[in-house]
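Some notes on the structure that comes next.
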Amino acid sequence: MKPQGITLLGATGSIGVNTLDVVARHPDRYRVVALTGHRQVDRLYEQCLAFAPAVAVVADATAAAALTARLRSAGSRTEVWHGPAALEEVARLPEADMVMSAIVGAAGLRPTLAAAHAGKRVLLANKEALVVSGRLFIDAVQKGGAELLPVDSEHNAIFQSLPHGYAGDLDKAGVSKLILTASGGPFRQLPFEAMRHVSADDACRHPNWVMGRKISVDSASLMNKGLEVIEAHWLFNAPAERIDVVVHPQSVIHSMVQYVDGSVVAQLGSPDMRTPIAYAMSWPERIDAGVKPLDFTALSGLSFEAPDLQRFPCLQLAFDALAAAGDAPAVLNAANEVAVAAFLDGRIGFLDIARVVADTLDGVSLSASPDLDSLLQRDAEARVFARSCIAT
Ligand code: NAD
Ligand code: MG
């Protein structure tokens, strides 16, 4: 069998590095076609030498020229392209059978849509892309004849727990609820007032997972779970009232599906993103992902609690945005991206994130069934509005 070609959007990030780890374990099955790294040029250089992609993509022409020079002197023939259009081009390359979408934030939307239109197997880590574009994304997958495989651990767990061949009809599949588990993040037990003073490093100290800084802050605010509710809505065609969130601090159960007969099917494993990445890559087969097997006798116990929407208002805001539909999720996401960046820079406090998102949802006018241009326009307006909330 010829190895399958893979393009990695966001190769230098946490998901990208884990994906390359899985690829390296199976050189007979996968070969790297393109890698993108935005501004992390040193890491991208090392990856190019190790995986010899045809193309690498960086943010701008200066970085591209510098990387090309370094690669040539090391004997590499990888071409270096740059800019947003190049991200879309590598997502469409005919040699790529699958595209890992692992850019963080709405910046990954266009290249992920390009992969969907081009009929690739889309391995979706970049939840923001789906949250922003919703119906348009699902339509692009269908029209392009693409395959959409969830990499987010909760959605990958639900995908594994749904009946094989699930085609978007919960009732027909006998499903009563999708149950997303949440670790609760580093501030699960912290009083509300104490959250006023937490630092970016405190927020990024996740109890169970090592991830990029933006998603780490989202996990601490529970906005990540809110984005995941919207993601689950689109991936599995599930209305909000059939998506539950339960806090499960040990992150052993990655999510569950409850059926009408009372059965609950769950997927369990060590908290290691290589499991969902490998499953999305190899589905319907399974491959070694290098993950430590779960040792049940070493587990101290599994516990569950309801999420506290008072202390974690971001989760409620996401449910509200999903109910408002149209471009509300895009506005929620854009405001959150701006607020999280400001928090990571030390310009606002942790509790200001929810305030900025709520004020932006109130302050930007919404529309019901936007096309891509108006979604991107609303995304831009929301960013301007959110920045004005931060400046005051
Ligand atoms: P990260 O910050 O570690 O990596 C982000 C990647 O995106 C890097 O390769 C970076 O160079 C690239 N990038 C950043 N800004 C860009 C821009 N403007 N244009 C082009 N490329 C850009 O993030 P991560 O933790 O790997 O997360 C990536 C995505 O996967 C996010 O959407 C996140 O929500 C999702 N996700 C991550 C995890 C995890 O365990 N890390 C789990 C589930 C879902
Ligand atoms: Mg997740």
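Ordering of the structure tokens sets the chain letters (A, B, ...); residue numbers start at 1 within each chain; ligands are numbered from 1 in the order shown.
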
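Residues of segment 146-189 of chain A that DSSP places in alpha helix (DSSP H), based on the backbone of this structure, are Ser153, Glu154, His155, Asn156, Ala157, Ile158, Phe159, Gln160 and Ser161 of chain A.
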
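Near ligand 2, at distances of 10 Å or less and with only C-alpha atoms and all ligand atoms counted, sit the residues Ala125, Lys127, Pro150, Val151, Asp152, Ser153, Glu154, His155, Asn156, Ala157, Leu180, Thr181, Ala182, Ser183, Trp209, Ile215, Ser219, Asn224, Lys225, Leu227, Glu228, Glu231, His254, Ser255 and Met273 of chain A.
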
- [ ] Please identify every polymer residue within 9 Å of ligand 1, using only C-alpha atoms and all ligand atoms, and present the set as a ChimeraX atom specification.
- [x] /A:8-18,35-41,44,57-59,83-84,87,101-108,124-129,151-154,209-216,218,224,227,272-273

Task: Contacts of Ala203 of chain A at 7 Å (only C-alpha atoms; same-chain gap of 4+ positions) as number ranges by chain - done: A: 186, 199, 216-217, 220

For all heavy atoms, I'd like the residues from the last selection saved as an mmCIF file, in the first residue's frame.
```cif
data_model
loop_
_atom_site.group_PDB
_atom_site.id
_atom_site.type_symbol
_atom_site.label_atom_id
_atom_site.label_comp_id
_atom_site.auth_asym_id
_atom_site.auth_seq_id
_atom_site.Cartn_x
_atom_site.Cartn_y
_atom_site.Cartn_z
ATOM 1 N N PRO A 186 -7.567 24.210 36.110
ATOM 2 C CA PRO A 186 -6.792 24.449 37.336
ATOM 3 C C PRO A 186 -7.562 25.227 38.414
ATOM 4 O O PRO A 186 -7.150 25.214 39.571
ATOM 5 C CB PRO A 186 -5.587 25.258 36.838
ATOM 6 C CG PRO A 186 -6.008 25.844 35.531
ATOM 7 C CD PRO A 186 -6.987 24.886 34.939
ATOM 8 N N SER A 199 -2.647 34.429 37.520
ATOM 9 C CA SER A 199 -1.772 34.858 36.423
ATOM 10 C C SER A 199 -1.950 33.938 35.211
ATOM 11 O O SER A 199 -2.580 32.881 35.302
ATOM 12 C CB SER A 199 -0.315 34.798 36.875
ATOM 13 O OG SER A 199 0.061 33.441 37.025
ATOM 14 N N SER A 216 -5.269 26.374 26.817
ATOM 15 C CA SER A 216 -5.109 26.180 28.260
ATOM 16 C C SER A 216 -5.922 27.212 29.031
ATOM 17 O O SER A 216 -6.598 26.878 30.018
ATOM 18 C CB SER A 216 -3.630 26.268 28.662
ATOM 19 O OG SER A 216 -2.916 25.210 28.066
ATOM 20 N N VAL A 217 -5.887 28.461 28.591
ATOM 21 C CA VAL A 217 -6.705 29.500 29.246
ATOM 22 C C VAL A 217 -8.190 29.185 29.046
ATOM 23 O O VAL A 217 -8.998 29.306 29.974
ATOM 24 C CB VAL A 217 -6.358 30.904 28.698
ATOM 25 C CG1 VAL A 217 -7.286 31.957 29.304
ATOM 26 C CG2 VAL A 217 -4.904 31.244 28.991
ATOM 27 N N ALA A 220 -9.252 26.718 31.495
ATOM 28 C CA ALA A 220 -9.368 27.279 32.845
ATOM 29 C C ALA A 220 -10.667 28.070 33.021
ATOM 30 O O ALA A 220 -11.238 28.108 34.109
ATOM 31 C CB ALA A 220 -8.162 28.158 33.147
#
```

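Distances here use only C-alpha atoms; by that measure, the residue among A:Thr112, A:Ser161, A:Gln310, A:Thr78 closest to Pro191 of chain A is A:Gln310.
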
I'd like the contact shell of Gly349 of chain A - 8 Å cut-off, only C-alpha atoms, skipping same-chain residues fewer than 4 positions apart - returned as a short mmCIF file (atom, residue, chain, number, x, y, z; two decimals) with C-alpha atoms, in the first residue's frame.
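Dumped everything to selection_19.cif:
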```
data_model
loop_
_atom_site.label_atom_id
_atom_site.label_comp_id
_atom_site.auth_asym_id
_atom_site.auth_seq_id
_atom_site.Cartn_x
_atom_site.Cartn_y
_atom_site.Cartn_z
CA ARG A 196 -9.45 37.89 39.98
CA HIS A 197 -5.77 37.59 40.82
CA VAL A 198 -4.62 34.48 38.93
CA SER A 199 -1.77 34.86 36.42
CA PHE A 343 -4.99 38.09 29.47
CA ILE A 353 -12.38 37.48 29.79
#
```

Task: Best match for closeness to Thr68 of chain A among A:Asp42, A:Asp345, A:Glu147, A:Asp352, counting only C-alpha atoms - done: A:Asp42

TODO: Considering only C-alpha atoms, state which residue in the set A:Ser367, A:Ser221, A:Ser303, A:Thr7 is at the smallest distance from Val331 of chain A.
DONE: A:Ser367

Task: Surrounding residues of Phe51 of chain A excluding itself and chain neighbours under 5 positions, 10 Å, only C-alpha atoms, as an MDAnalysis selection string - done: chainID A and resid 20 23:24 27 31:35 46 78

Written file, previous selection with N, CA, C and O atoms, as a PDB file, in the first residue's frame:
```pdb
ATOM      1  N   LEU A  20       3.114  14.534  14.417  1.00  0.00           N
ATOM      2  CA  LEU A  20       4.357  14.072  13.798  1.00  0.00           C
ATOM      3  C   LEU A  20       4.936  12.882  14.558  1.00  0.00           C
ATOM      4  O   LEU A  20       5.547  11.994  13.962  1.00  0.00           O
ATOM      5  N   VAL A  23       3.051  10.016  13.118  1.00  0.00           N
ATOM      6  CA  VAL A  23       3.521   9.784  11.745  1.00  0.00           C
ATOM      7  C   VAL A  23       4.855   9.043  11.769  1.00  0.00           C
ATOM      8  O   VAL A  23       5.057   8.066  11.034  1.00  0.00           O
ATOM      9  N   ALA A  24       5.762   9.476  12.654  1.00  0.00           N
ATOM     10  CA  ALA A  24       7.108   8.886  12.703  1.00  0.00           C
ATOM     11  C   ALA A  24       7.075   7.410  13.097  1.00  0.00           C
ATOM     12  O   ALA A  24       7.979   6.647  12.746  1.00  0.00           O
ATOM     13  N   PRO A  27       6.091   5.034   9.222  1.00  0.00           N
ATOM     14  CA  PRO A  27       6.586   5.569   7.946  1.00  0.00           C
ATOM     15  C   PRO A  27       6.043   4.795   6.737  1.00  0.00           C
ATOM     16  O   PRO A  27       5.994   5.328   5.624  1.00  0.00           O
ATOM     17  N   ARG A  31       3.160   9.731   4.845  1.00  0.00           N
ATOM     18  CA  ARG A  31       4.321  10.562   4.507  1.00  0.00           C
ATOM     19  C   ARG A  31       3.873  12.011   4.493  1.00  0.00           C
ATOM     20  O   ARG A  31       2.737  12.329   4.096  1.00  0.00           O
ATOM     21  N   VAL A  32       4.771  12.887   4.949  1.00  0.00           N
ATOM     22  CA  VAL A  32       4.414  14.287   5.119  1.00  0.00           C
ATOM     23  C   VAL A  32       4.545  15.030   3.795  1.00  0.00           C
ATOM     24  O   VAL A  32       5.580  14.969   3.126  1.00  0.00           O
ATOM     25  N   VAL A  33       3.485  15.726   3.400  1.00  0.00           N
ATOM     26  CA  VAL A  33       3.464  16.492   2.158  1.00  0.00           C
ATOM     27  C   VAL A  33       3.818  17.955   2.425  1.00  0.00           C
ATOM     28  O   VAL A  33       4.591  18.565   1.695  1.00  0.00           O
ATOM     29  N   ALA A  34       3.215  18.527   3.473  1.00  0.00           N
ATOM     30  CA  ALA A  34       3.468  19.940   3.781  1.00  0.00           C
ATOM     31  C   ALA A  34       3.334  20.175   5.276  1.00  0.00           C
ATOM     32  O   ALA A  34       2.548  19.512   5.958  1.00  0.00           O
ATOM     33  N   LEU A  35       4.129  21.137   5.767  1.00  0.00           N
ATOM     34  CA  LEU A  35       4.105  21.530   7.178  1.00  0.00           C
ATOM     35  C   LEU A  35       3.970  23.041   7.253  1.00  0.00           C
ATOM     36  O   LEU A  35       4.626  23.748   6.492  1.00  0.00           O
ATOM     37  N   GLU A  46      13.654  22.229  11.978  1.00  0.00           N
ATOM     38  CA  GLU A  46      13.985  20.873  12.454  1.00  0.00           C
ATOM     39  C   GLU A  46      13.005  19.850  11.869  1.00  0.00           C
ATOM     40  O   GLU A  46      13.403  18.757  11.458  1.00  0.00           O
ATOM     41  N   THR A  78      13.078  21.112   0.450  1.00  0.00           N
ATOM     42  CA  THR A  78      11.739  21.617   0.791  1.00  0.00           C
ATOM     43  C   THR A  78      11.575  23.058   0.297  1.00  0.00           C
ATOM     44  O   THR A  78      12.409  23.910   0.570  1.00  0.00           O
TER      45      THR A  78
END
```

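Minimum atom-to-atom distance to Leu375 of chain A, evaluated using only C-alpha atoms, belongs to A:Asp327 out of A:Asp327, A:Glu337, A:Asp308, A:Asp169.
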